[in-house]
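Trainee: I'd like to ask some things about the structure below.
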Amino acid sequence: MDSTISEKATRTPLRSTVIDGLKIVVVGGFGVGKTTLVRSVSEIRPLNTEETMTQAGLGIDHSDTAGKTTTTVAFDFGRISLNEQMVLYLFGAPGQERFWFLWDRLFAGTLGAVVLVDTHRVEDSWYSIDRLEHHGTPFIVARNNFPGSVHDLTELREALTLSENVPLIDCDARERESSKQVLLTLVNHLYALSSARETTS
Amino acid sequence: MRRRAVDNEDPDRLYTLTGGRSQANESELDLVTLIVSQADPIPGMQSEYAKILRICRSPTALVELASELGLPVSVVKILLSDLLSGGQVSARHPSSARASAQLPDAAFLKKVLVGLHNL
């Protein structure tokens with residue numbers, strides 16, 4: 001199946017001048033629209049890959065198994081060529097607790113994160129937000145506005161116990177323009193954080 | 001979408017591919033490290049190495065390479081560490097790996113903003 005012909009037919013190569021790969025992670029519960037968001041802004045059809053990880057038993061409560069466990073995690077990603085030299089990769093990461101060890105790896109060197117919230121399952125996001133705060137990874141929260149949202153954003157902010165300085169917006173992950181706004185909101189937030197740091201130091 | 005569980009992968013094949021190694025020496029390879037071929041495949045080369053050299057004629061991120069080869073990221077890292085030590089590929093490491101602080105400077109982020117605006 002992986003013939004040379006199909007490689008050429010399906011791949012969209014990067015420019016030869018690209019030197020810097022950047023990462024943004026989109027986290028959220030199952031079915032909240034992570035892949036939909038990635039697809040709507042990606043210049044390639046979202047791809048899927050797998051990482052097999054061996055965890056030492058450290059930090060796991062039920063450490064009755066003294067040895068190591070191997071887990072396979074699949075994740076989706078897309079990409080955006082930003083200019084001649086920079087390419088941005090968007091990773092859709094599962095937000096469930098059992099994947100926390102994957103986060104540690106994905107978040108290393110990540111610009112920031114988007115927490116995608118399903119208005120009907122707000123509680124799915126608590127763990128993600130907690131982890132991001134713990135990591136010190138800058139993030140914003142975007143509510144994927146499925147029909148029938150009953151809460152306004154102020155109520156949602158309270159439900160998420162989200163601090164005032166974390167941007168919270170509505171989006172429609174199916175729409176390219178809306179997903180683009182989500183990314184812009186995150187990077188504007190990073191820009192503000194970075195500018196503030198530069199003026200104080 | 002093509003989705004191949006590594007669990008269905010023949011373990012013997014992965015073992016053979018990696019020569020039984022489970023960890024790459026080149027542990028600093030990031031998911032977004034860009035790999036570029038410095039040589040052409042040679043006849044008789046293990047087919048995965050040859051595929052990597054063909055794909056990476058244009059810079060290709062490690063994660064895309066893994067997806068394209070249908071192999072786990074960790075296995076691709078091992079294969080790449082061989083090619084890197086042999087000088088058949090080079091790696092363009094992300095600037096985030098060199099940065100001391102997690103947050104890039106404002107000038108860098110401005111470039112990202114411009115790129116996103118142009119989408």
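For the structure tokens, the naming scheme is as follows: chains receive sequential letters (A, B, ...) according to their order of presentation, residues are indexed from 1 within each chain, and ligands are indexed from 1 in presentation order.
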Could you name the residues that touch Asn144 in chain A at 9 Å or less, counting only C-alpha atoms, but leaving out those on the same chain fewer than 5 positions away, as a VMD selection string?

Mentor: chain A and resid 32 to 33 116 to 119 169 to 173

Trainee: Would you list which chain B residues are within 7 Å of chain A using only C-alpha atoms, as a count of residues only?

Mentor: 28

Trainee: Could you tell me which of A:Ser179, A:Val115, A:His135, A:Arg39 comes closest to Leu162 in chain A if we count only C-alpha atoms?

Mentor: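 Among the listed residues, A:Val115 lies closest to Leu162 in chain A.
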
Trainee: Calculate how many Å separate CA of Leu62 in chain B from CA of Ile35 in chain B, rounding to one decimal.

Mentor: 6.7 Å

Trainee: Could you please write out, as a PDB file with N, CA and C atoms, in the first residue's frame, every residue of range 65-161 of chain A that DSSP assigns to strand (DSSP E)?

Mentor:
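As a result, selection_34.pdb now contains:
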```
ATOM      1  N   THR A  69       4.523  -0.537  32.333  1.00  0.00           N
ATOM      2  CA  THR A  69       3.404  -0.819  31.440  1.00  0.00           C
ATOM      3  C   THR A  69       3.637  -0.105  30.127  1.00  0.00           C
ATOM      4  N   THR A  70       3.262  -0.746  29.043  1.00  0.00           N
ATOM      5  CA  THR A  70       3.391  -0.137  27.737  1.00  0.00           C
ATOM      6  C   THR A  70       1.997   0.215  27.232  1.00  0.00           C
ATOM      7  N   THR A  71       1.864   1.456  26.793  1.00  0.00           N
ATOM      8  CA  THR A  71       0.567   1.919  26.323  1.00  0.00           C
ATOM      9  C   THR A  71       0.736   2.521  24.939  1.00  0.00           C
ATOM     10  N   THR A  72      -0.252   2.293  24.104  1.00  0.00           N
ATOM     11  CA  THR A  72      -0.233   2.893  22.777  1.00  0.00           C
ATOM     12  C   THR A  72      -1.306   3.973  22.710  1.00  0.00           C
ATOM     13  N   VAL A  73      -0.912   5.145  22.277  1.00  0.00           N
ATOM     14  CA  VAL A  73      -1.847   6.243  22.158  1.00  0.00           C
ATOM     15  C   VAL A  73      -1.850   6.740  20.723  1.00  0.00           C
ATOM     16  N   ALA A  74      -3.030   6.899  20.164  1.00  0.00           N
ATOM     17  CA  ALA A  74      -3.140   7.441  18.812  1.00  0.00           C
ATOM     18  C   ALA A  74      -3.515   8.913  18.919  1.00  0.00           C
ATOM     19  N   PHE A  75      -2.943   9.734  18.051  1.00  0.00           N
ATOM     20  CA  PHE A  75      -3.357  11.129  18.035  1.00  0.00           C
ATOM     21  C   PHE A  75      -3.364  11.685  16.617  1.00  0.00           C
ATOM     22  N   ASP A  76      -4.199  12.682  16.414  1.00  0.00           N
ATOM     23  CA  ASP A  76      -4.350  13.330  15.112  1.00  0.00           C
ATOM     24  C   ASP A  76      -3.518  14.604  15.081  1.00  0.00           C
ATOM     25  N   PHE A  77      -3.117  14.986  13.889  1.00  0.00           N
ATOM     26  CA  PHE A  77      -2.441  16.273  13.765  1.00  0.00           C
ATOM     27  C   PHE A  77      -2.649  16.846  12.373  1.00  0.00           C
ATOM     28  N   GLY A  78      -2.479  18.156  12.298  1.00  0.00           N
ATOM     29  CA  GLY A  78      -2.525  18.857  11.023  1.00  0.00           C
ATOM     30  C   GLY A  78      -1.415  19.892  11.023  1.00  0.00           C
ATOM     31  N   ARG A  79      -1.288  20.609   9.919  1.00  0.00           N
ATOM     32  CA  ARG A  79      -0.208  21.595   9.904  1.00  0.00           C
ATOM     33  C   ARG A  79      -0.583  22.857   9.125  1.00  0.00           C
ATOM     34  N   ILE A  80       0.109  23.938   9.482  1.00  0.00           N
ATOM     35  CA  ILE A  80      -0.081  25.227   8.825  1.00  0.00           C
ATOM     36  C   ILE A  80       1.306  25.809   8.544  1.00  0.00           C
ATOM     37  N   SER A  81       1.616  26.059   7.282  1.00  0.00           N
ATOM     38  CA  SER A  81       2.870  26.738   6.958  1.00  0.00           C
ATOM     39  C   SER A  81       2.681  28.218   7.243  1.00  0.00           C
ATOM     40  N   MET A  86       8.789  28.905   9.073  1.00  0.00           N
ATOM     41  CA  MET A  86       8.089  28.325  10.217  1.00  0.00           C
ATOM     42  C   MET A  86       6.887  27.510   9.793  1.00  0.00           C
ATOM     43  N   VAL A  87       6.753  26.324  10.402  1.00  0.00           N
ATOM     44  CA  VAL A  87       5.572  25.507  10.173  1.00  0.00           C
ATOM     45  C   VAL A  87       4.975  25.148  11.534  1.00  0.00           C
ATOM     46  N   LEU A  88       3.656  25.322  11.623  1.00  0.00           N
ATOM     47  CA  LEU A  88       2.957  25.079  12.882  1.00  0.00           C
ATOM     48  C   LEU A  88       2.208  23.743  12.801  1.00  0.00           C
ATOM     49  N   TYR A  89       2.448  22.894  13.766  1.00  0.00           N
ATOM     50  CA  TYR A  89       1.703  21.626  13.854  1.00  0.00           C
ATOM     51  C   TYR A  89       0.663  21.722  14.950  1.00  0.00           C
ATOM     52  N   LEU A  90      -0.543  21.286  14.621  1.00  0.00           N
ATOM     53  CA  LEU A  90      -1.643  21.268  15.590  1.00  0.00           C
ATOM     54  C   LEU A  90      -1.905  19.825  15.982  1.00  0.00           C
ATOM     55  N   PHE A  91      -1.865  19.571  17.266  1.00  0.00           N
ATOM     56  CA  PHE A  91      -2.097  18.211  17.747  1.00  0.00           C
ATOM     57  C   PHE A  91      -3.413  18.140  18.501  1.00  0.00           C
ATOM     58  N   GLY A  92      -4.219  17.184  18.129  1.00  0.00           N
ATOM     59  CA  GLY A  92      -5.439  16.916  18.885  1.00  0.00           C
ATOM     60  C   GLY A  92      -5.103  15.880  19.942  1.00  0.00           C
ATOM     61  N   ALA A  93      -5.172  16.284  21.203  1.00  0.00           N
ATOM     62  CA  ALA A  93      -4.762  15.368  22.265  1.00  0.00           C
ATOM     63  C   ALA A  93      -5.954  14.967  23.117  1.00  0.00           C
ATOM     64  N   PRO A  94      -6.050  13.680  23.390  1.00  0.00           N
ATOM     65  CA  PRO A  94      -7.153  13.225  24.233  1.00  0.00           C
ATOM     66  C   PRO A  94      -7.004  13.798  25.640  1.00  0.00           C
ATOM     67  N   GLY A 112       1.460  26.745  23.229  1.00  0.00           N
ATOM     68  CA  GLY A 112       0.334  26.890  24.129  1.00  0.00           C
ATOM     69  C   GLY A 112      -0.736  25.887  23.752  1.00  0.00           C
ATOM     70  N   ALA A 113      -1.852  25.960  24.458  1.00  0.00           N
ATOM     71  CA  ALA A 113      -2.910  24.977  24.239  1.00  0.00           C
ATOM     72  C   ALA A 113      -4.272  25.640  24.097  1.00  0.00           C
ATOM     73  N   VAL A 114      -5.134  24.959  23.356  1.00  0.00           N
ATOM     74  CA  VAL A 114      -6.533  25.337  23.267  1.00  0.00           C
ATOM     75  C   VAL A 114      -7.330  24.242  23.966  1.00  0.00           C
ATOM     76  N   VAL A 115      -8.117  24.624  24.961  1.00  0.00           N
ATOM     77  CA  VAL A 115      -9.016  23.651  25.583  1.00  0.00           C
ATOM     78  C   VAL A 115     -10.366  23.810  24.908  1.00  0.00           C
ATOM     79  N   LEU A 116     -10.790  22.764  24.244  1.00  0.00           N
ATOM     80  CA  LEU A 116     -12.065  22.804  23.546  1.00  0.00           C
ATOM     81  C   LEU A 116     -13.133  22.200  24.471  1.00  0.00           C
ATOM     82  N   VAL A 117     -14.181  23.004  24.697  1.00  0.00           N
ATOM     83  CA  VAL A 117     -15.189  22.608  25.686  1.00  0.00           C
ATOM     84  C   VAL A 117     -16.511  22.304  24.994  1.00  0.00           C
ATOM     85  N   ASP A 118     -17.094  21.208  25.388  1.00  0.00           N
ATOM     86  CA  ASP A 118     -18.447  20.852  24.958  1.00  0.00           C
ATOM     87  C   ASP A 118     -19.393  21.402  26.007  1.00  0.00           C
ATOM     88  N   PHE A 139      -2.776  28.805  28.014  1.00  0.00           N
ATOM     89  CA  PHE A 139      -3.888  28.237  27.246  1.00  0.00           C
ATOM     90  C   PHE A 139      -5.060  29.211  27.181  1.00  0.00           C
ATOM     91  N   ILE A 140      -5.950  28.928  26.234  1.00  0.00           N
ATOM     92  CA  ILE A 140      -7.240  29.609  26.189  1.00  0.00           C
ATOM     93  C   ILE A 140      -8.321  28.529  26.172  1.00  0.00           C
ATOM     94  N   VAL A 141      -9.556  28.932  26.419  1.00  0.00           N
ATOM     95  CA  VAL A 141     -10.669  27.988  26.374  1.00  0.00           C
ATOM     96  C   VAL A 141     -11.616  28.417  25.264  1.00  0.00           C
ATOM     97  N   ALA A 142     -11.977  27.484  24.402  1.00  0.00           N
ATOM     98  CA  ALA A 142     -12.939  27.769  23.332  1.00  0.00           C
ATOM     99  C   ALA A 142     -14.119  26.817  23.479  1.00  0.00           C
ATOM    100  N   ARG A 143     -15.320  27.387  23.507  1.00  0.00           N
ATOM    101  CA  ARG A 143     -16.517  26.546  23.568  1.00  0.00           C
ATOM    102  C   ARG A 143     -16.982  26.268  22.149  1.00  0.00           C
ATOM    103  N   ASN A 144     -16.965  25.001  21.801  1.00  0.00           N
ATOM    104  CA  ASN A 144     -17.449  24.626  20.480  1.00  0.00           C
ATOM    105  C   ASN A 144     -18.966  24.703  20.539  1.00  0.00           C
TER     106      ASN A 144
END
```
